[in-house]
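Chemist: This is run.cif (mmCIF, C-alpha atoms).
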data_final
loop_
_atom_site.label_atom_id
_atom_site.label_comp_id
_atom_site.auth_asym_id
_atom_site.auth_seq_id
_atom_site.Cartn_x
_atom_site.Cartn_y
_atom_site.Cartn_z
CA MET C 1400 -6.26 -7.17 23.35
CA PRO C 1401 -2.79 -8.51 22.48
CA VAL C 1402 -0.10 -7.90 25.07
CA VAL C 1403 3.46 -7.66 23.75
CA ASN C 1404 6.71 -7.72 25.69
CA VAL C 1405 8.79 -4.52 25.58
CA VAL C 1406 12.57 -4.94 25.45
CA ASN C 1407 15.45 -2.49 25.83
CA LEU C 1408 18.35 -2.09 23.40
CA GLU C 1409 20.13 -4.99 25.10
CA GLY C 1410 17.23 -7.33 24.36
CA LYS C 1411 16.12 -7.66 27.97
CA PRO C 1412 12.38 -7.44 28.85
CA VAL C 1413 11.50 -4.23 30.65
CA GLY C 1414 7.71 -4.39 30.62
CA GLU C 1415 4.61 -5.01 28.51
CA VAL C 1416 2.40 -2.96 26.24
CA GLU C 1417 -1.25 -3.54 25.37
CA LEU C 1418 -2.01 -2.99 21.68
CA SER C 1419 -5.25 -2.55 19.79
CA GLU C 1420 -6.94 -5.79 18.81
CA ALA C 1421 -8.36 -4.20 15.63
CA VAL C 1422 -4.84 -3.31 14.47
CA PHE C 1423 -2.50 -6.04 15.72
CA ALA C 1424 -4.89 -9.00 16.05
CA ALA C 1425 -7.08 -8.52 12.97
CA THR C 1426 -7.97 -11.29 10.54
CA VAL C 1427 -5.30 -11.42 7.82
CA ASN C 1428 -6.85 -10.81 4.39
CA PRO C 1429 -4.46 -11.97 1.61
CA HIS C 1430 -6.59 -10.43 -1.17
CA LEU C 1431 -6.54 -7.06 0.57
CA LEU C 1432 -2.78 -7.26 1.01
CA HIS C 1433 -2.35 -8.06 -2.68
CA ALA C 1434 -4.49 -5.09 -3.71
CA ALA C 1435 -2.58 -2.71 -1.42
CA VAL C 1436 0.84 -3.90 -2.60
CA ARG C 1437 -0.16 -3.51 -6.27
CA TRP C 1438 -1.48 -0.02 -5.51
CA GLN C 1439 1.75 1.06 -3.82
CA LEU C 1440 3.98 -0.38 -6.54
CA ALA C 1441 1.88 1.18 -9.30
CA ALA C 1442 2.21 4.61 -7.69
CA ARG C 1443 6.01 4.20 -7.64
CA ARG C 1444 6.34 3.55 -11.37
CA ALA C 1445 8.12 6.37 -13.16
CA GLY C 1446 6.02 6.06 -16.31
CA THR C 1447 8.75 7.77 -18.37
CA HIS C 1448 8.88 5.20 -21.19
CA LYS C 1449 8.69 6.81 -24.61
CA VAL C 1450 9.13 5.89 -28.29
CA LYS C 1451 9.17 8.17 -31.33
CA ASN C 1452 6.30 8.24 -33.76
CA ARG C 1453 6.77 8.98 -37.46
CA GLY C 1454 6.61 12.71 -36.84
CA GLU C 1455 9.52 12.61 -34.37
CA VAL C 1456 12.11 10.34 -36.04
CA ARG C 1457 14.93 11.71 -38.13
CA GLY C 1458 14.47 11.76 -41.90
CA ALA C 1459 12.94 13.74 -44.75
CA GLY C 1460 9.23 13.77 -45.36
CA ARG C 1461 9.51 13.85 -49.14
CA LYS C 1462 8.16 11.09 -51.34
CA LEU C 1463 10.95 8.64 -52.22
CA TRP C 1464 9.84 7.83 -55.76
CA ARG C 1465 6.89 8.41 -57.96
CA GLN C 1466 3.64 6.61 -57.19
CA LYS C 1467 3.47 4.47 -60.30
CA GLY C 1468 5.72 3.02 -62.96
CA THR C 1469 8.74 1.97 -60.92
CA GLY C 1470 7.62 -1.57 -60.11
CA ARG C 1471 8.20 -0.93 -56.44
CA ALA C 1472 5.64 -0.64 -53.68
CA ARG C 1473 4.29 2.85 -53.19
CA MET C 1474 6.01 4.69 -50.38
CA GLY C 1475 5.64 8.19 -49.02
CA SER C 1476 8.46 8.72 -46.48
CA VAL C 1477 11.46 7.04 -44.87
CA ARG C 1478 9.86 7.86 -41.54
CA SER C 1479 7.08 5.36 -42.19
CA PRO C 1480 6.66 2.64 -39.53
CA LEU C 1481 7.18 0.06 -42.27
CA TRP C 1482 10.80 1.09 -42.66
CA ARG C 1483 13.80 0.29 -40.44
CA HIS C 1484 14.47 3.21 -38.10
CA GLY C 1485 11.01 4.53 -38.89
CA GLY C 1486 8.46 5.66 -36.36
CA THR C 1487 6.70 3.33 -33.94
CA VAL C 1488 2.94 2.86 -34.04
CA HIS C 1489 0.96 2.63 -30.77
CA GLY C 1490 4.15 2.59 -28.69
CA PRO C 1491 4.41 3.52 -25.01
CA THR C 1492 4.12 7.16 -24.01
CA PRO C 1493 4.66 8.86 -20.62
CA ARG C 1494 1.77 8.14 -18.27
CA ASP C 1495 0.81 8.04 -14.61
CA TYR C 1496 0.19 4.52 -13.29
CA SER C 1497 -1.19 5.56 -9.94
CA TYR C 1498 -4.86 5.03 -9.14
CA HIS C 1499 -7.21 5.53 -6.23
CA LEU C 1500 -7.65 2.90 -3.55
CA PRO C 1501 -10.33 3.42 -0.88
CA ARG C 1502 -8.96 4.50 2.48
CA LYS C 1503 -10.77 1.62 4.15
CA MET C 1504 -8.79 -0.87 2.02
CA VAL C 1505 -5.47 0.88 2.70
CA THR C 1506 -6.10 0.84 6.45
CA GLY C 1507 -7.34 -2.75 6.42
CA ALA C 1508 -4.29 -3.93 4.49
CA LEU C 1509 -1.90 -2.27 6.96
CA CYS C 1510 -3.75 -3.84 9.89
CA SER C 1511 -3.53 -7.24 8.18
CA ALA C 1512 0.21 -6.81 7.62
CA LEU C 1513 0.86 -5.77 11.23
CA SER C 1514 -1.29 -8.63 12.54
CA SER C 1515 0.57 -11.16 10.39
CA LYS C 1516 3.93 -9.99 11.74
CA LEU C 1517 2.74 -10.31 15.33
CA ALA C 1518 1.18 -13.73 14.68
CA GLU C 1519 4.42 -14.98 13.09
CA GLY C 1520 6.52 -13.68 15.98
CA ARG C 1521 8.36 -11.20 13.77
CA LEU C 1522 7.38 -8.04 15.62
CA THR C 1523 9.54 -6.52 18.33
CA VAL C 1524 8.62 -3.57 20.53
CA VAL C 1525 11.62 -1.61 21.80
CA ASP C 1526 11.25 0.63 24.82
CA SER C 1527 13.17 3.50 23.19
CA TRP C 1528 15.61 4.10 20.34
CA ALA C 1529 17.77 6.34 22.55
CA LEU C 1530 21.20 5.71 21.03
CA GLU C 1531 24.33 7.08 22.64
CA SER C 1532 26.14 7.31 19.31
CA HIS C 1533 25.36 7.65 15.62
CA ARG C 1534 28.01 5.06 14.66
CA THR C 1535 26.75 2.40 12.28
CA LYS C 1536 28.96 -0.33 13.71
CA SER C 1537 27.57 0.16 17.21
CA PHE C 1538 24.00 0.09 15.95
CA ARG C 1539 24.68 -3.09 13.94
CA GLN C 1540 25.78 -4.77 17.17
CA ILE C 1541 22.56 -3.63 18.85
CA LEU C 1542 20.45 -5.12 16.05
CA ASN C 1543 22.40 -8.37 16.17
CA GLY C 1544 21.68 -8.57 19.88
CA LEU C 1545 17.97 -7.97 19.35
CA GLU C 1546 17.46 -10.31 16.39
CA GLU C 1547 19.21 -12.69 14.03
CA GLU C 1548 21.92 -11.21 11.85
CA GLY C 1549 21.33 -10.70 8.13
CA ARG C 1550 17.58 -10.10 8.18
CA LYS C 1551 15.77 -7.27 6.49
CA VAL C 1552 14.59 -5.03 9.30
CA LEU C 1553 12.04 -2.23 9.27
CA LEU C 1554 12.48 0.27 12.09
CA VAL C 1555 9.56 2.48 13.09
CA ALA C 1556 10.19 5.40 15.42
CA GLU C 1557 8.05 8.31 16.57
CA GLY C 1558 9.50 11.80 16.32
CA GLU C 1559 12.92 12.91 15.17
CA ASN C 1560 15.91 10.80 16.16
CA ARG C 1561 19.10 12.00 14.45
CA ASN C 1562 21.38 9.33 15.91
CA LEU C 1563 19.05 6.55 14.79
CA GLU C 1564 18.73 8.06 11.32
CA LEU C 1565 22.50 8.34 10.82
CA ALA C 1566 23.28 4.94 12.33
CA SER C 1567 20.73 3.00 10.26
CA ARG C 1568 20.90 4.60 6.85
CA ASN C 1569 24.06 2.78 5.70
CA LEU C 1570 22.98 -0.67 6.86
CA GLU C 1571 21.91 -2.96 4.03
CA GLY C 1572 18.37 -4.27 4.45
CA VAL C 1573 17.55 -1.81 7.25
CA ARG C 1574 15.05 1.02 6.76
CA LEU C 1575 13.73 3.65 9.16
CA MET C 1576 10.19 5.02 8.85
CA HIS C 1577 7.73 7.20 10.74
CA PRO C 1578 4.38 5.62 11.77
CA ALA C 1579 2.48 7.98 9.45
CA GLU C 1580 4.53 6.77 6.45
CA LEU C 1581 3.99 3.08 7.09
CA GLY C 1582 2.27 0.97 4.44
CA ALA C 1583 1.45 -2.70 3.94
CA TYR C 1584 4.15 -3.13 1.29
CA GLU C 1585 6.97 -1.95 3.56
CA VAL C 1586 5.79 -4.20 6.40
CA LEU C 1587 5.59 -7.28 4.18
CA LYS C 1588 8.86 -6.56 2.37
CA HIS C 1589 10.95 -6.75 5.56
CA GLU C 1590 11.36 -9.94 7.54
CA ARG C 1591 11.42 -8.25 10.93
CA LEU C 1592 9.42 -5.27 12.19
CA MET C 1593 10.81 -3.29 15.14
CA LEU C 1594 8.60 -0.62 16.69
CA SER C 1595 9.40 1.78 19.43
CA LYS C 1596 6.86 1.61 22.26
CA GLU C 1597 5.67 5.11 21.38
CA ALA C 1598 5.26 4.20 17.71
CA ALA C 1599 3.32 1.02 18.56
CA LEU C 1600 0.87 2.97 20.70
CA ARG C 1601 0.58 5.64 17.99
CA LEU C 1602 -0.28 3.03 15.35
CA SER C 1603 -2.82 1.40 17.67
CA LYS C 1604 -4.58 4.70 18.26
CA LEU C 1605 -4.33 6.01 14.69
CA LEU C 1606 -5.41 2.87 12.80
CA ALA C 1607 -8.07 1.88 15.34
CA GLY C 1608 -9.62 5.34 14.92
CA LYS C 1609 -9.59 5.04 11.13
CA SER C 1610 -11.18 1.60 11.27
CA ALA C 1611 -13.91 2.93 13.56
CA SER C 1612 -14.62 5.89 11.28
CA SER C 1613 -14.84 3.57 8.27
CA GLY C 1614 -17.34 1.44 10.13
CA GLU C 1615 -19.47 4.50 10.92
CA GLU C 1616 -19.47 5.51 7.24
CA ARG C 1617 -20.84 2.12 6.28
#
Using the file provided, produce a representation of the structure as structure tokens.
Modeler:
Amino acid sequence: MPVVNVVNLEGKPVGEVELSEAVFAATVNPHLLHAAVRWQLAARRAGTHKVKNRGEVRGAGRKLWRQKGTGRARMGSVRSPLWRHGGTVHGPTPRDYSYHLPRKMVTGALCSALSSKLAEGRLTVVDSWALESHRTKSFRQILNGLEEEGRKVLLVAEGENRNLELASRNLEGVRLMHPAELGAYEVLKHERLMLSKEAALRLSKLLAGKSASSGEER
């Protein structure tokens, strides 16, 4: 099992934590990560695109001129798709882009993403996010002390932490999430992943249990 150093808010080591091998030391599957990212992005699409067909555009439905004898092409309405400002044929309509992805693939992709962060040295386990203040400036200094400045950072904390929520929400490139909300896309999108010790143990237990149940179903 992988053993990761635990640091305090000053960046000093205060202990170690043993994480699940199935979650943080799994084989990274690029194809699985690609499928999970596409699934998450598809579910986020608004799908509100819309064009007007010939029954919805403005204009009269009367026949413009008689069928024969004018020398012009026969035409029934100014709302025809052949005319400028007419209706659109086979245009986009509101739809839902989301689709089902097996739970086993979702869990496997998240394990692959977490394992890649640990293998690349971009995962930090913090003993506790117990902040004395909700000031953004103070929290920015804490992050700069923990890691390099200017990186996109994903914070994962267990339970409610009002000071952490207020201090991090105005920082560009910094996002706070609960372990149950975590997905492969969010992990891959941010350069650095920072977990509280409690959140790391929660992910180890939760995802390891899901992986085991998937194996039993097979």
Chemist: Please evaluate the PyMOL selection byres ((chain C and resi 1599-1608) around 10) against the displayed coordinates and give the resulting residues as a ChimeraX atom specification.
Modeler: /C:1416-1423,1506-1507,1509-1510,1513,1523-1525,1555-1557,1578-1579,1581,1593-1598,1609-1614
Chemist: Compile the contact shell of Leu1530 in chain C as a list in words: residues with an atom at most 10 Å away, counting all atoms listed in the file, same-chain residues fewer than 5 positions apart removed.
Modeler: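 So, after excluding close chain neighbours, the residues are Leu1408, Ser1537, Phe1538, Ile1541, Asn1560, Arg1561, Asn1562, Leu1563 and Ala1566 of chain C.
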Chemist: For this file, the PyMOL selection byres ((chain C and resi 1553) around 8) selects which residues, as a VMD selection string?
Modeler: chain C and resid 1551 to 1552 1554 to 1555 1573 to 1576 1585 to 1586 1589 to 1593
Chemist: Name the residues captured by the PyMOL selection byres ((chain C and resi 1409) around 9) when it is applied to the shown file; answer as a PDB file with C-alpha atoms, keeping the file's coordinate frame.
Modeler:
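Here's the written file selection_12.pdb:
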ATOM      1  CA  VAL C1406      12.570  -4.940  25.450  1.00  0.00           C
ATOM      2  CA  ASN C1407      15.450  -2.490  25.830  1.00  0.00           C
ATOM      3  CA  LEU C1408      18.350  -2.090  23.400  1.00  0.00           C
ATOM      4  CA  GLY C1410      17.230  -7.330  24.360  1.00  0.00           C
ATOM      5  CA  LYS C1411      16.120  -7.660  27.970  1.00  0.00           C
ATOM      6  CA  PRO C1412      12.380  -7.440  28.850  1.00  0.00           C
ATOM      7  CA  ILE C1541      22.560  -3.630  18.850  1.00  0.00           C
ATOM      8  CA  GLY C1544      21.680  -8.570  19.880  1.00  0.00           C
ATOM      9  CA  LEU C1545      17.970  -7.970  19.350  1.00  0.00           C
TER      10      LEU C1545
END
Chemist: Using only C-alpha atoms, which of C:Val1427, C:Ala1529, C:Val1403, C:Leu1500 sits nearest Ala1442 in chain C?
Modeler: C:Leu1500
Chemist: Please determine, counting all atoms listed in the file, which residue among C:Ala1441, C:Leu1463, C:Leu1570, C:Leu1542 has the shortest atom-to-atom distance to Gly1475 in chain C.
Modeler: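 The shortest atom-to-atom distance to Gly1475 in chain C comes from C:Leu1463.
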Chemist: Could you tell me how far CA of Leu1432 in chain C lies from CA of Met1504 in chain C, in Å and to one decimal?
Modeler: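 Atom-to-atom, CA of Leu1432 in chain C and CA of Met1504 in chain C are spaced 8.8 Å apart.
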Chemist: Pick the closest to Trp1438 in chain C from C:Gly1520, C:Gly1470, C:Pro1501, C:Gly1460: which is it, counting all atoms listed in the file?
Modeler: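 Closest residue, counting all atoms listed in the file: C:Pro1501.
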Chemist: Contacts of Arg1483 in chain C at 12 Å or less, counting all atoms listed in the file, minus same-chain residues fewer than 4 places along, as a list in words?
Modeler: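 What passes the distance filter is Arg1453, Val1456, Arg1457, Gly1458, Ser1476, Val1477, Arg1478, Ser1479 and Thr1487 of chain C.
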Chemist: Around the point (8.6, -1.2, 29.6) in the file's coordinates, collect all residues with an atom within 6 Å, using all atoms listed in the file, and return them as a PDB file with C-alpha atoms, in the coordinates of the input.
Modeler:
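Saved file out06.pdb follows:
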ATOM      1  CA  VAL C1405       8.790  -4.520  25.580  1.00  0.00           C
ATOM      2  CA  VAL C1413      11.500  -4.230  30.650  1.00  0.00           C
ATOM      3  CA  GLY C1414       7.710  -4.390  30.620  1.00  0.00           C
ATOM      4  CA  GLU C1415       4.610  -5.010  28.510  1.00  0.00           C
ATOM      5  CA  ASP C1526      11.250   0.630  24.820  1.00  0.00           C
TER       6      ASP C1526
END
Chemist: To one decimal place, how far is CA of Ala1512 in chain C from CA of Tyr1498 in chain C in Å?
Modeler: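 Interatomic distance, CA of Ala1512 in chain C to CA of Tyr1498 in chain C: 21.1 Å.
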Chemist: Rounded to one decimal in Å, what is the spacing between CA of Val1505 in chain C and CA of Glu1559 in chain C?
Modeler: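 Between these atoms lies a distance of 25.3 Å.
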Chemist: Any chance you could turn range 1416-1541 of chain C into a file with C-alpha atoms, as a PDB file, in the first residue's frame?
Modeler:
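Written output follows (decode.pdb):
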ATOM      1  CA  VAL C1416      -0.979   7.934   6.083  1.00  0.00           C
ATOM      2  CA  GLU C1417      -1.436   4.561   4.413  1.00  0.00           C
ATOM      3  CA  LEU C1418      -3.773   4.695   1.410  1.00  0.00           C
ATOM      4  CA  SER C1419      -5.540   1.996  -0.550  1.00  0.00           C
ATOM      5  CA  GLU C1420      -3.449   0.433  -3.294  1.00  0.00           C
ATOM      6  CA  ALA C1421      -6.547  -0.153  -5.465  1.00  0.00           C
ATOM      7  CA  VAL C1422      -7.345   3.580  -5.379  1.00  0.00           C
ATOM      8  CA  PHE C1423      -4.025   5.445  -5.258  1.00  0.00           C
ATOM      9  CA  ALA C1424      -1.666   2.916  -6.870  1.00  0.00           C
ATOM     10  CA  ALA C1425      -3.869   1.518  -9.641  1.00  0.00           C
ATOM     11  CA  THR C1426      -2.753   1.088 -13.239  1.00  0.00           C
ATOM     12  CA  VAL C1427      -3.531   4.299 -15.136  1.00  0.00           C
ATOM     13  CA  ASN C1428      -5.915   3.606 -18.024  1.00  0.00           C
ATOM     14  CA  PRO C1429      -5.878   6.521 -20.540  1.00  0.00           C
ATOM     15  CA  HIS C1430      -8.846   5.151 -22.514  1.00  0.00           C
ATOM     16  CA  LEU C1431     -10.938   4.947 -19.359  1.00  0.00           C
ATOM     17  CA  LEU C1432      -9.989   8.494 -18.415  1.00  0.00           C
ATOM     18  CA  HIS C1433     -10.979   9.717 -21.876  1.00  0.00           C
ATOM     19  CA  ALA C1434     -14.364   8.004 -21.656  1.00  0.00           C
ATOM     20  CA  ALA C1435     -15.063   9.443 -18.189  1.00  0.00           C
ATOM     21  CA  VAL C1436     -14.077  12.980 -19.173  1.00  0.00           C
ATOM     22  CA  ARG C1437     -16.299  12.865 -22.279  1.00  0.00           C
ATOM     23  CA  TRP C1438     -19.166  11.557 -20.142  1.00  0.00           C
ATOM     24  CA  GLN C1439     -18.823  14.358 -17.592  1.00  0.00           C
ATOM     25  CA  LEU C1440     -18.520  17.091 -20.217  1.00  0.00           C
ATOM     26  CA  ALA C1441     -21.503  15.749 -22.166  1.00  0.00           C
ATOM     27  CA  ALA C1442     -23.660  15.853 -19.038  1.00  0.00           C
ATOM     28  CA  ARG C1443     -22.717  19.511 -18.524  1.00  0.00           C
ATOM     29  CA  ARG C1444     -23.870  20.660 -21.960  1.00  0.00           C
ATOM     30  CA  ALA C1445     -26.893  22.921 -21.764  1.00  0.00           C
ATOM     31  CA  GLY C1446     -28.436  21.591 -24.971  1.00  0.00           C
ATOM     32  CA  THR C1447     -30.490  24.785 -25.381  1.00  0.00           C
ATOM     33  CA  HIS C1448     -29.573  25.446 -29.035  1.00  0.00           C
ATOM     34  CA  LYS C1449     -32.625  26.120 -31.175  1.00  0.00           C
ATOM     35  CA  VAL C1450     -33.509  27.348 -34.685  1.00  0.00           C
ATOM     36  CA  LYS C1451     -36.923  28.181 -36.131  1.00  0.00           C
ATOM     37  CA  ASN C1452     -38.563  25.954 -38.673  1.00  0.00           C
ATOM     38  CA  ARG C1453     -40.893  27.289 -41.368  1.00  0.00           C
ATOM     39  CA  GLY C1454     -43.856  27.157 -39.021  1.00  0.00           C
ATOM     40  CA  GLU C1455     -42.160  29.409 -36.451  1.00  0.00           C
ATOM     41  CA  VAL C1456     -40.595  32.211 -38.531  1.00  0.00           C
ATOM     42  CA  ARG C1457     -42.345  35.496 -39.133  1.00  0.00           C
ATOM     43  CA  GLY C1458     -44.255  35.909 -42.392  1.00  0.00           C
ATOM     44  CA  ALA C1459     -47.548  35.167 -44.102  1.00  0.00           C
ATOM     45  CA  GLY C1460     -48.417  31.699 -45.267  1.00  0.00           C
ATOM     46  CA  ARG C1461     -50.242  32.836 -48.395  1.00  0.00           C
ATOM     47  CA  LYS C1462     -49.088  31.908 -51.871  1.00  0.00           C
ATOM     48  CA  LEU C1463     -46.969  34.716 -53.342  1.00  0.00           C
ATOM     49  CA  TRP C1464     -48.112  34.412 -56.950  1.00  0.00           C
ATOM     50  CA  ARG C1465     -50.101  32.072 -59.059  1.00  0.00           C
ATOM     51  CA  GLN C1466     -48.666  28.663 -59.870  1.00  0.00           C
ATOM     52  CA  LYS C1467     -48.307  29.115 -63.610  1.00  0.00           C
ATOM     53  CA  GLY C1468     -47.972  31.847 -66.180  1.00  0.00           C
ATOM     54  CA  THR C1469     -45.636  34.275 -64.432  1.00  0.00           C
ATOM     55  CA  GLY C1470     -42.350  32.840 -65.699  1.00  0.00           C
ATOM     56  CA  ARG C1471     -41.076  32.595 -62.158  1.00  0.00           C
ATOM     57  CA  ALA C1472     -40.410  29.491 -60.126  1.00  0.00           C
ATOM     58  CA  ARG C1473     -43.407  28.212 -58.220  1.00  0.00           C
ATOM     59  CA  MET C1474     -43.412  29.321 -54.615  1.00  0.00           C
ATOM     60  CA  GLY C1475     -45.858  28.800 -51.787  1.00  0.00           C
ATOM     61  CA  SER C1476     -44.685  30.983 -48.863  1.00  0.00           C
ATOM     62  CA  VAL C1477     -42.016  33.458 -47.789  1.00  0.00           C
ATOM     63  CA  ARG C1478     -41.390  31.184 -44.837  1.00  0.00           C
ATOM     64  CA  SER C1479     -39.944  28.517 -47.127  1.00  0.00           C
ATOM     65  CA  PRO C1480     -36.390  27.380 -46.287  1.00  0.00           C
ATOM     66  CA  LEU C1481     -35.372  28.405 -49.805  1.00  0.00           C
ATOM     67  CA  TRP C1482     -35.905  32.062 -48.983  1.00  0.00           C
ATOM     68  CA  ARG C1483     -33.709  34.430 -46.957  1.00  0.00           C
ATOM     69  CA  HIS C1484     -35.033  34.670 -43.398  1.00  0.00           C
ATOM     70  CA  GLY C1485     -37.068  31.550 -44.037  1.00  0.00           C
ATOM     71  CA  GLY C1486     -37.237  28.536 -41.779  1.00  0.00           C
ATOM     72  CA  THR C1487     -34.327  26.166 -41.191  1.00  0.00           C
ATOM     73  CA  VAL C1488     -34.529  22.516 -42.175  1.00  0.00           C
ATOM     74  CA  HIS C1489     -33.081  19.834 -39.867  1.00  0.00           C
ATOM     75  CA  GLY C1490     -31.579  22.458 -37.543  1.00  0.00           C
ATOM     76  CA  PRO C1491     -30.596  21.909 -33.909  1.00  0.00           C
ATOM     77  CA  THR C1492     -33.329  21.557 -31.307  1.00  0.00           C
ATOM     78  CA  PRO C1493     -33.110  21.374 -27.485  1.00  0.00           C
ATOM     79  CA  ARG C1494     -31.806  17.996 -26.360  1.00  0.00           C
ATOM     80  CA  ASP C1495     -30.134  16.224 -23.471  1.00  0.00           C
ATOM     81  CA  TYR C1496     -26.544  15.168 -24.208  1.00  0.00           C
ATOM     82  CA  SER C1497     -26.069  13.096 -21.089  1.00  0.00           C
ATOM     83  CA  TYR C1498     -25.779   9.319 -21.319  1.00  0.00           C
ATOM     84  CA  HIS C1499     -25.187   6.389 -19.017  1.00  0.00           C
ATOM     85  CA  LEU C1500     -21.697   5.241 -18.126  1.00  0.00           C
ATOM     86  CA  PRO C1501     -21.284   2.047 -16.078  1.00  0.00           C
ATOM     87  CA  ARG C1502     -20.422   2.648 -12.438  1.00  0.00           C
ATOM     88  CA  LYS C1503     -17.404   0.390 -12.770  1.00  0.00           C
ATOM     89  CA  MET C1504     -15.957   2.689 -15.463  1.00  0.00           C
ATOM     90  CA  VAL C1505     -16.648   5.840 -13.423  1.00  0.00           C
ATOM     91  CA  THR C1506     -14.936   4.363 -10.365  1.00  0.00           C
ATOM     92  CA  GLY C1507     -12.019   3.010 -12.397  1.00  0.00           C
ATOM     93  CA  ALA C1508     -11.450   6.369 -14.076  1.00  0.00           C
ATOM     94  CA  LEU C1509     -11.364   8.201 -10.731  1.00  0.00           C
ATOM     95  CA  CYS C1510      -8.892   5.664  -9.338  1.00  0.00           C
ATOM     96  CA  SER C1511      -6.725   6.122 -12.444  1.00  0.00           C
ATOM     97  CA  ALA C1512      -6.797   9.900 -12.044  1.00  0.00           C
ATOM     98  CA  LEU C1513      -5.888   9.759  -8.343  1.00  0.00           C
ATOM     99  CA  SER C1514      -3.111   7.244  -9.025  1.00  0.00           C
ATOM    100  CA  SER C1515      -1.656   9.437 -11.777  1.00  0.00           C
ATOM    101  CA  LYS C1516      -1.530  12.438  -9.453  1.00  0.00           C
ATOM    102  CA  LEU C1517       0.279  10.444  -6.775  1.00  0.00           C
ATOM    103  CA  ALA C1518       2.702   8.929  -9.303  1.00  0.00           C
ATOM    104  CA  GLU C1519       3.520  12.394 -10.689  1.00  0.00           C
ATOM    105  CA  GLY C1520       4.081  13.831  -7.214  1.00  0.00           C
ATOM    106  CA  ARG C1521       1.155  16.234  -7.534  1.00  0.00           C
ATOM    107  CA  LEU C1522      -0.861  14.988  -4.575  1.00  0.00           C
ATOM    108  CA  THR C1523      -0.565  16.539  -1.132  1.00  0.00           C
ATOM    109  CA  VAL C1524      -2.216  15.264   2.037  1.00  0.00           C
ATOM    110  CA  VAL C1525      -2.867  17.979   4.619  1.00  0.00           C
ATOM    111  CA  ASP C1526      -3.433  17.026   8.232  1.00  0.00           C
ATOM    112  CA  SER C1527      -6.406  19.388   8.611  1.00  0.00           C
ATOM    113  CA  TRP C1528      -7.911  22.442   6.927  1.00  0.00           C
ATOM    114  CA  ALA C1529      -8.485  24.132  10.299  1.00  0.00           C
ATOM    115  CA  LEU C1530      -8.141  27.787   9.300  1.00  0.00           C
ATOM    116  CA  GLU C1531      -8.093  30.524  11.904  1.00  0.00           C
ATOM    117  CA  SER C1532      -9.601  33.054   9.511  1.00  0.00           C
ATOM    118  CA  HIS C1533     -11.769  33.152   6.411  1.00  0.00           C
ATOM    119  CA  ARG C1534      -9.583  35.840   4.777  1.00  0.00           C
ATOM    120  CA  THR C1535      -8.593  35.046   1.211  1.00  0.00           C
ATOM    121  CA  LYS C1536      -5.211  36.752   1.468  1.00  0.00           C
ATOM    122  CA  SER C1537      -4.182  34.617   4.438  1.00  0.00           C
ATOM    123  CA  PHE C1538      -5.254  31.429   2.698  1.00  0.00           C
ATOM    124  CA  ARG C1539      -3.347  32.411  -0.462  1.00  0.00           C
ATOM    125  CA  GLN C1540      -0.197  32.669   1.638  1.00  0.00           C
ATOM    126  CA  ILE C1541      -0.866  29.201   3.062  1.00  0.00           C
TER     127      ILE C1541
END
